[in-house]
Every structure is written in structure tokens, then in C-alpha cells.
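File shown: target_28.csv (CSV, N, CA and C atoms).
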```
chain,number,residue,atom,x,y,z
A,1,MET,N,-1.5,-14.7,10.0
A,1,MET,CA,-2.2,-13.5,10.3
A,1,MET,C,-2.3,-12.7,9.0
A,2,ASP,N,-3.5,-12.2,8.7
A,2,ASP,CA,-3.7,-11.4,7.4
A,2,ASP,C,-3.4,-9.9,7.7
A,3,ILE,N,-2.5,-9.4,6.9
A,3,ILE,CA,-2.2,-7.9,7.0
A,3,ILE,C,-2.1,-7.4,5.6
A,4,GLY,N,-2.5,-6.2,5.4
A,4,GLY,CA,-2.3,-5.5,4.1
A,4,GLY,C,-2.9,-6.3,3.0
A,5,GLY,N,-2.0,-6.9,2.3
A,5,GLY,CA,-2.4,-7.7,1.1
A,5,GLY,C,-2.0,-9.1,1.2
A,6,GLY,N,-1.6,-9.6,2.3
A,6,GLY,CA,-1.3,-11.0,2.3
A,6,GLY,C,-1.2,-11.6,3.7
A,7,ARG,N,-0.8,-12.9,3.8
A,7,ARG,CA,-0.6,-13.6,5.1
A,7,ARG,C,0.8,-13.6,5.5
A,8,VAL,N,1.1,-13.3,6.7
A,8,VAL,CA,2.4,-13.4,7.3
A,8,VAL,C,2.4,-14.2,8.6
A,9,GLY,N,3.5,-14.7,9.0
A,9,GLY,CA,3.6,-15.4,10.3
A,9,GLY,C,3.1,-14.6,11.5
A,10,GLU,N,2.6,-15.3,12.4
A,10,GLU,CA,2.1,-14.7,13.6
A,10,GLU,C,3.0,-13.7,14.3
A,11,PHE,N,4.3,-14.1,14.3
A,11,PHE,CA,5.3,-13.3,15.1
A,11,PHE,C,6.2,-12.4,14.3
A,12,VAL,N,5.9,-12.3,13.0
A,12,VAL,CA,6.7,-11.5,12.1
A,12,VAL,C,6.9,-10.1,12.6
A,13,THR,N,5.8,-9.4,13.0
A,13,THR,CA,5.9,-8.1,13.5
A,13,THR,C,6.9,-7.9,14.7
A,14,LEU,N,6.8,-8.9,15.6
A,14,LEU,CA,7.7,-8.9,16.8
A,14,LEU,C,9.1,-9.1,16.4
A,15,GLU,N,9.4,-10.0,15.4
A,15,GLU,CA,10.7,-10.3,14.9
A,15,GLU,C,11.3,-9.0,14.2
A,16,VAL,N,10.5,-8.4,13.4
A,16,VAL,CA,10.9,-7.2,12.7
A,16,VAL,C,11.3,-6.1,13.7
A,17,ALA,N,10.4,-5.9,14.7
A,17,ALA,CA,10.7,-4.9,15.8
A,17,ALA,C,12.0,-5.2,16.5
A,18,ALA,N,12.3,-6.4,16.8
A,18,ALA,CA,13.5,-6.8,17.5
A,18,ALA,C,14.7,-6.6,16.6
A,19,VAL,N,14.7,-7.0,15.4
A,19,VAL,CA,15.8,-6.9,14.5
A,19,VAL,C,16.1,-5.4,14.2
A,20,LEU,N,15.1,-4.6,13.9
A,20,LEU,CA,15.3,-3.2,13.6
A,20,LEU,C,15.4,-2.3,14.8
A,21,GLY,N,15.1,-2.8,15.9
A,21,GLY,CA,15.1,-1.9,17.1
A,21,GLY,C,14.1,-0.9,17.1
A,22,VAL,N,12.9,-1.2,16.6
A,22,VAL,CA,11.8,-0.2,16.6
A,22,VAL,C,10.6,-0.8,17.4
A,23,SER,N,9.6,0.1,17.7
A,23,SER,CA,8.5,-0.3,18.5
A,23,SER,C,7.6,-1.3,17.7
A,24,ASP,N,6.8,-2.0,18.4
A,24,ASP,CA,5.9,-3.0,17.8
A,24,ASP,C,4.9,-2.2,16.8
A,25,PRO,N,4.4,-1.1,17.1
A,25,PRO,CA,3.5,-0.4,16.1
A,25,PRO,C,4.3,0.0,14.9
A,26,ALA,N,5.5,0.5,15.0
A,26,ALA,CA,6.3,0.9,13.9
A,26,ALA,C,6.6,-0.3,13.0
A,27,ALA,N,6.9,-1.5,13.6
A,27,ALA,CA,7.2,-2.7,12.9
A,27,ALA,C,5.9,-3.2,12.2
A,28,SER,N,4.8,-3.1,12.9
A,28,SER,CA,3.5,-3.5,12.3
A,28,SER,C,3.2,-2.6,11.0
A,29,ALA,N,3.4,-1.3,11.1
A,29,ALA,CA,3.2,-0.4,10.0
A,29,ALA,C,4.1,-0.8,8.8
A,30,LEU,N,5.4,-1.1,9.1
A,30,LEU,CA,6.3,-1.5,8.1
A,30,LEU,C,5.9,-2.8,7.4
A,31,VAL,N,5.5,-3.8,8.2
A,31,VAL,CA,5.1,-5.1,7.7
A,31,VAL,C,3.8,-5.0,6.8
A,32,ASP,N,2.9,-4.2,7.3
A,32,ASP,CA,1.6,-3.9,6.6
A,32,ASP,C,1.9,-3.2,5.2
A,33,ASP,N,2.8,-2.2,5.3
A,33,ASP,CA,3.2,-1.5,4.0
A,33,ASP,C,3.8,-2.5,3.0
A,34,VAL,N,4.7,-3.3,3.5
A,34,VAL,CA,5.5,-4.2,2.6
A,34,VAL,C,4.5,-5.3,2.0
A,35,ALA,N,3.6,-5.8,2.9
A,35,ALA,CA,2.6,-6.8,2.4
A,35,ALA,C,1.7,-6.1,1.3
A,36,GLY,N,1.3,-4.9,1.5
A,36,GLY,CA,0.5,-4.2,0.5
A,36,GLY,C,1.2,-3.9,-0.7
A,37,LEU,N,2.5,-3.5,-0.6
A,37,LEU,CA,3.3,-3.2,-1.7
A,37,LEU,C,3.5,-4.4,-2.6
A,38,ARG,N,3.9,-5.5,-1.9
A,38,ARG,CA,4.1,-6.8,-2.7
A,38,ARG,C,2.9,-7.3,-3.4
A,39,SER,N,1.8,-7.3,-2.7
A,39,SER,CA,0.6,-7.9,-3.3
A,39,SER,C,-0.3,-7.0,-4.1
A,40,ARG,N,-0.2,-5.7,-3.9
A,40,ARG,CA,-1.1,-4.8,-4.7
A,40,ARG,C,-0.4,-3.9,-5.6
A,41,HIS,N,0.9,-3.8,-5.6
A,41,HIS,CA,1.6,-2.9,-6.4
A,41,HIS,C,2.8,-3.6,-7.1
A,42,PRO,N,2.5,-4.5,-8.0
A,42,PRO,CA,3.6,-5.3,-8.6
A,42,PRO,C,4.7,-4.5,-9.3
A,43,LEU,N,4.3,-3.5,-10.0
A,43,LEU,CA,5.3,-2.7,-10.7
A,43,LEU,C,6.2,-1.9,-9.8
A,44,MET,N,5.6,-1.4,-8.8
A,44,MET,CA,6.3,-0.6,-7.8
A,44,MET,C,7.2,-1.5,-6.9
A,45,TRP,N,6.7,-2.7,-6.6
A,45,TRP,CA,7.5,-3.7,-5.9
A,45,TRP,C,8.8,-4.0,-6.7
A,46,ALA,N,8.6,-4.2,-8.0
A,46,ALA,CA,9.8,-4.5,-8.8
A,46,ALA,C,10.8,-3.3,-8.8
A,47,ALA,N,10.2,-2.1,-8.9
A,47,ALA,CA,11.1,-0.9,-8.9
A,47,ALA,C,11.9,-0.8,-7.6
A,48,VAL,N,11.2,-1.1,-6.5
A,48,VAL,CA,12.0,-1.0,-5.2
A,48,VAL,C,13.1,-2.1,-5.2
A,49,GLN,N,12.8,-3.3,-5.7
A,49,GLN,CA,13.8,-4.4,-5.7
A,49,GLN,C,14.9,-4.0,-6.6
A,50,GLU,N,14.7,-3.3,-7.7
A,50,GLU,CA,15.7,-2.9,-8.7
A,50,GLU,C,16.4,-1.6,-8.3
A,51,LEU,N,16.0,-1.1,-7.1
A,51,LEU,CA,16.6,0.2,-6.6
A,51,LEU,C,16.3,1.4,-7.5
A,52,LYS,N,15.2,1.4,-8.2
A,52,LYS,CA,14.7,2.5,-9.0
A,52,LYS,C,13.8,3.4,-8.2
A,53,LEU,N,13.4,3.0,-7.1
A,53,LEU,CA,12.4,3.7,-6.2
A,53,LEU,C,12.8,3.6,-4.8
A,54,GLU,N,12.8,4.7,-4.1
A,54,GLU,CA,13.1,4.7,-2.6
A,54,GLU,C,12.0,4.0,-1.9
A,55,VAL,N,12.4,3.3,-0.8
A,55,VAL,CA,11.4,2.6,0.0
A,55,VAL,C,10.4,3.6,0.6
A,56,TRP,N,10.9,4.7,1.1
A,56,TRP,CA,10.0,5.6,1.8
A,56,TRP,C,8.9,6.2,0.8
A,57,GLN,N,9.3,6.3,-0.5
A,57,GLN,CA,8.3,6.8,-1.5
A,57,GLN,C,7.3,5.7,-1.7
A,58,ALA,N,7.7,4.5,-1.9
A,58,ALA,CA,6.8,3.4,-2.1
A,58,ALA,C,5.8,3.2,-0.9
A,59,ARG,N,6.3,3.4,0.3
A,59,ARG,CA,5.5,3.2,1.5
A,59,ARG,C,4.4,4.4,1.5
A,60,LYS,N,4.8,5.6,1.1
A,60,LYS,CA,3.9,6.7,1.1
A,60,LYS,C,2.7,6.4,0.1
A,61,VAL,N,3.1,5.9,-1.1
A,61,VAL,CA,2.1,5.6,-2.1
A,61,VAL,C,1.2,4.5,-1.6
A,62,VAL,N,1.8,3.4,-1.0
A,62,VAL,CA,1.0,2.3,-0.5
A,62,VAL,C,0.0,2.8,0.5
A,63,ARG,N,0.4,3.6,1.5
A,63,ARG,CA,-0.5,4.1,2.5
A,63,ARG,C,-1.6,5.0,1.9
A,64,THR,N,-1.2,5.8,0.9
A,64,THR,CA,-2.2,6.7,0.3
A,64,THR,C,-3.3,5.9,-0.5
A,65,CYS,N,-2.8,4.7,-1.1
A,65,CYS,CA,-3.7,3.9,-1.9
A,65,CYS,C,-4.4,2.8,-1.1
A,66,HIS,N,-4.2,2.8,0.2
A,66,HIS,CA,-4.7,1.7,1.1
A,66,HIS,C,-6.2,1.4,0.9
A,67,GLU,N,-7.0,2.4,0.8
A,67,GLU,CA,-8.4,2.2,0.7
A,67,GLU,C,-8.9,2.0,-0.7
A,68,LEU,N,-8.1,2.1,-1.7
A,68,LEU,CA,-8.5,1.9,-3.1
A,68,LEU,C,-8.8,0.4,-3.4
A,69,SER,N,-9.7,0.2,-4.3
A,69,SER,CA,-9.9,-1.2,-4.8
A,69,SER,C,-8.7,-1.7,-5.5
A,70,LEU,N,-8.6,-3.0,-5.7
A,70,LEU,CA,-7.4,-3.5,-6.4
A,70,LEU,C,-7.3,-3.0,-7.8
A,71,ASP,N,-8.4,-2.9,-8.5
A,71,ASP,CA,-8.3,-2.3,-9.9
A,71,ASP,C,-7.8,-0.9,-9.9
A,72,ALA,N,-8.2,-0.1,-9.0
A,72,ALA,CA,-7.7,1.3,-8.9
A,72,ALA,C,-6.2,1.3,-8.5
A,73,VAL,N,-5.8,0.4,-7.6
A,73,VAL,CA,-4.4,0.4,-7.2
A,73,VAL,C,-3.5,0.0,-8.4
A,74,LEU,N,-4.0,-1.0,-9.2
A,74,LEU,CA,-3.2,-1.4,-10.3
A,74,LEU,C,-3.1,-0.3,-11.4
A,75,ALA,N,-4.2,0.5,-11.5
A,75,ALA,CA,-4.2,1.6,-12.4
A,75,ALA,C,-3.1,2.6,-12.0
A,76,VAL,N,-3.1,2.9,-10.7
A,76,VAL,CA,-2.1,3.8,-10.1
A,76,VAL,C,-0.7,3.3,-10.3
A,77,ASP,N,-0.6,2.0,-10.1
A,77,ASP,CA,0.7,1.4,-10.3
A,77,ASP,C,1.2,1.6,-11.7
A,78,ARG,N,0.4,1.3,-12.7
A,78,ARG,CA,0.7,1.5,-14.1
A,78,ARG,C,1.0,2.9,-14.4
A,79,LYS,N,0.2,3.8,-13.9
A,79,LYS,CA,0.4,5.3,-14.2
A,79,LYS,C,1.7,5.8,-13.6
A,80,LEU,N,2.1,5.3,-12.5
A,80,LEU,CA,3.3,5.8,-11.8
A,80,LEU,C,4.6,5.2,-12.4
A,81,ALA,N,4.5,4.0,-13.1
A,81,ALA,CA,5.6,3.3,-13.5
A,81,ALA,C,6.6,4.1,-14.4
A,82,SER,N,6.1,5.0,-15.1
A,82,SER,CA,7.0,5.8,-16.0
A,82,SER,C,7.8,6.9,-15.2
A,83,GLY,N,7.4,7.1,-14.0
A,83,GLY,CA,8.1,8.2,-13.3
A,83,GLY,C,8.7,7.8,-11.9
A,84,TRP,N,9.2,6.5,-11.8
A,84,TRP,CA,9.8,6.1,-10.6
A,84,TRP,C,10.9,7.0,-10.1
A,85,GLY,N,10.9,7.2,-8.8
A,85,GLY,CA,11.9,8.1,-8.2
A,85,GLY,C,11.4,9.5,-8.0
A,86,VAL,N,10.3,9.8,-8.6
A,86,VAL,CA,9.7,11.2,-8.4
A,86,VAL,C,8.4,10.9,-7.6
A,87,LEU,N,8.3,11.4,-6.4
A,87,LEU,CA,7.1,11.1,-5.6
A,87,LEU,C,5.9,11.8,-6.3
A,88,PRO,N,4.8,11.1,-6.5
A,88,PRO,CA,3.6,11.7,-7.1
A,88,PRO,C,3.0,12.7,-6.1
A,89,VAL,N,2.2,13.5,-6.7
A,89,VAL,CA,1.5,14.5,-5.9
A,89,VAL,C,0.4,13.7,-5.1
A,90,VAL,N,0.5,13.7,-3.8
A,90,VAL,CA,-0.4,12.9,-2.9
A,90,VAL,C,-1.9,13.3,-3.2
A,91,GLU,N,-2.1,14.6,-3.4
A,91,GLU,CA,-3.5,15.0,-3.6
A,91,GLU,C,-4.1,14.3,-4.8
A,92,ASP,N,-3.3,14.1,-5.9
A,92,ASP,CA,-3.9,13.3,-7.0
A,92,ASP,C,-4.3,11.9,-6.6
A,93,LEU,N,-3.5,11.3,-5.8
A,93,LEU,CA,-3.8,9.9,-5.3
A,93,LEU,C,-5.0,10.0,-4.4
A,94,GLN,N,-5.1,11.0,-3.6
A,94,GLN,CA,-6.3,11.1,-2.7
A,94,GLN,C,-7.5,11.3,-3.5
A,95,GLU,N,-7.4,12.1,-4.6
A,95,GLU,CA,-8.6,12.3,-5.5
A,95,GLU,C,-9.0,11.0,-6.1
A,96,THR,N,-8.1,10.2,-6.5
A,96,THR,CA,-8.4,8.9,-7.1
A,96,THR,C,-9.1,8.0,-6.0
A,97,ALA,N,-8.6,8.1,-4.8
A,97,ALA,CA,-9.2,7.3,-3.7
A,97,ALA,C,-10.6,7.7,-3.5
A,98,GLN,N,-10.9,9.0,-3.4
A,98,GLN,CA,-12.2,9.5,-3.2
A,98,GLN,C,-13.1,9.1,-4.4
A,99,SER,N,-12.7,9.2,-5.6
A,99,SER,CA,-13.4,8.7,-6.7
A,99,SER,C,-13.8,7.2,-6.7
A,100,ASP,N,-12.8,6.4,-6.3
A,100,ASP,CA,-13.0,5.0,-6.1
A,100,ASP,C,-14.0,4.7,-5.0
A,101,ARG,N,-13.9,5.4,-3.9
A,101,ARG,CA,-14.8,5.2,-2.8
A,101,ARG,C,-16.3,5.5,-3.2
A,102,ARG,N,-16.4,6.6,-4.0
A,102,ARG,CA,-17.8,7.0,-4.5
A,102,ARG,C,-18.3,5.9,-5.4
A,103,ARG,N,-17.5,5.4,-6.3
A,103,ARG,CA,-17.9,4.4,-7.3
A,103,ARG,C,-18.3,3.1,-6.5
A,104,ARG,N,-17.5,2.7,-5.5
A,104,ARG,CA,-17.9,1.5,-4.8
A,104,ARG,C,-19.1,1.7,-4.0
A,105,HIS,N,-19.3,2.9,-3.4
A,105,HIS,CA,-20.5,3.2,-2.6
A,105,HIS,C,-21.8,3.1,-3.5
A,106,ARG,N,-21.7,3.7,-4.7
A,106,ARG,CA,-22.8,3.6,-5.7
A,106,ARG,C,-23.1,2.2,-6.1
A,107,ALA,N,-22.0,1.3,-6.2
A,107,ALA,CA,-22.2,-0.1,-6.6
A,107,ALA,C,-22.6,-0.9,-5.4
A,108,GLY,N,-22.8,-0.3,-4.2
A,108,GLY,CA,-23.3,-1.1,-3.1
A,108,GLY,C,-22.2,-1.8,-2.4
A,109,GLN,N,-21.0,-1.4,-2.6
A,109,GLN,CA,-19.8,-2.0,-1.9
A,109,GLN,C,-19.3,-1.1,-0.9
A,110,GLY,N,-20.1,-0.6,0.0
A,110,GLY,CA,-19.7,0.3,1.0
A,110,GLY,C,-18.8,-0.3,2.0
A,111,GLU,N,-18.7,0.3,3.2
A,111,GLU,CA,-17.8,-0.2,4.2
A,111,GLU,C,-18.1,-1.6,4.6
A,112,GLY,N,-17.0,-2.2,5.1
A,112,GLY,CA,-17.1,-3.6,5.7
A,112,GLY,C,-15.7,-4.1,5.9
A,113,PRO,N,-15.5,-5.3,6.3
A,113,PRO,CA,-14.2,-5.8,6.6
A,113,PRO,C,-13.3,-5.6,5.4
A,114,GLY,N,-12.1,-5.0,5.7
A,114,GLY,CA,-11.1,-4.8,4.6
A,114,GLY,C,-11.5,-3.6,3.7
A,115,ARG,N,-12.5,-2.9,4.1
A,115,ARG,CA,-12.9,-1.7,3.3
A,115,ARG,C,-12.7,-0.5,4.2
A,116,PRO,N,-12.7,0.7,3.5
A,116,PRO,CA,-12.5,1.9,4.3
A,116,PRO,C,-13.5,2.1,5.4
A,117,ARG,N,-13.1,2.8,6.4
A,117,ARG,CA,-14.0,3.1,7.5
A,117,ARG,C,-14.5,4.5,7.4
```

What do you get writing this file as C-alpha cells?
Amino acid sequence: MDIGGGRVGEFVTLEVAAVLGVSDPAASALVDDVAGLRSRHPLMWAAVQELKLEVWQARKVVRTCHELSLDAVLAVDRKLASGWGVLPVVEDLQETAQSDRRRRHRAGQGEGPGRPR
């Protein structure tokens, strides 16, 4: 099954829900965030593994950047790398997302599968 930024086993979400004692939707959101973190935010993924960044902060950035192109996400990842542990201003990330959406729309890469709705 494809989620976020990668493929995971068909029953991973159910297994995560059972192990953590959370609902299926909560487990699905967690799995999606982790898949996006690992595949689209390599510097942030490393910071979480090294305990330099709280998981909740990483998940918030991943969700905010969900609609960004890979190039924009990697730029955000590099920009935030110097300040791990301090949650960035979400409005700045949302402005980046809006700018990226406008750029993709002008380039004819509007909505579609895996793109913003």
C-alpha cells in the first residue's frame, strides 16, 4: 500500500493501532506522517533518530509540508536543519506551500493523484 512517501505492508496500520492502543485513523495518520518524514525529509528524519528533534514537531512539519513538491520539501528540510528543536512558524511553511502550489499551477502541474486537492 502506498502512503505518504513510500510503500508499507497492507496491515501495518492495523498492527500499529493494536500495539499503540489507538484508533485505526490515528494509526493511519501516524504511519502516513512517518512515511512522509522518512522519504521526504531526510535531515529531519536523522534529527528525530538522533533525538535532536521531538517527534510531535517533526509530524507537524510533515503535515504542513504535505502538499509541497519534493524540491520545496527538501528546501524546507535544509532551512530548518540549523534550528532543530525549535518549532518553525507554521505560517512561514504555509506561505511556502502556497507559493509552491502557485508555481506548479503555472507550470501546468495542477491537481491530480498525489497532488493537493

Per-residue nearest contacts of segment 19-41 of chain A to segment 52-63 of chain A (7 Å; all atoms listed in the file) as a Markdown table:
```
| residue | atom | partner | partner_atom | distance |
| --- | --- | --- | --- | --- |
| A:Asp33 | CA | A:Arg59 | CA | 5.8 |
| A:Val34 | N | A:Arg59 | CA | 6.8 |
| A:Gly36 | C | A:Val62 | CA | 6.2 |
| A:Leu37 | N | A:Val62 | CA | 6.0 |
```

Quick one, how far is atom C of Asp32 of chain A from atom C of Leu70 of chain A?
15.9 Å

Extract, using only C-alpha atoms, all DNA, RNA and protein residues at most 10 Å from segment 73-86 of chain A, discarding same-chain residues fewer than 2 positions from it, and format them as a count of residues only.
30

I'd like the interatomic distance between atom CA of Val8 of chain A and atom C of Ala29 of chain A, to a tenth of an Å.
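Separation between atom CA of Val8 of chain A and atom C of Ala29 of chain A: 12.8 Å.
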
What is the atom C of Gln49 of chain A to atom C of Val31 of chain A distance in Å?
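Pair atom C of Gln49 of chain A / atom C of Val31 of chain A returns 17.4 Å.
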
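DSSP on the backbone gives alpha helix (DSSP H) for these parts of segment 10-43 of chain A: Val12, Thr13, Leu14, Glu15, Val16, Ala17, Ala18, Val19, Leu20, Asp24, Pro25, Ala26, Ala27, Ser28, Ala29, Leu30, Val31, Asp32, Asp33, Val34, Ala35, Gly36, Leu37, Arg38, Ser39, Arg40, Pro42 and Leu43 of chain A.
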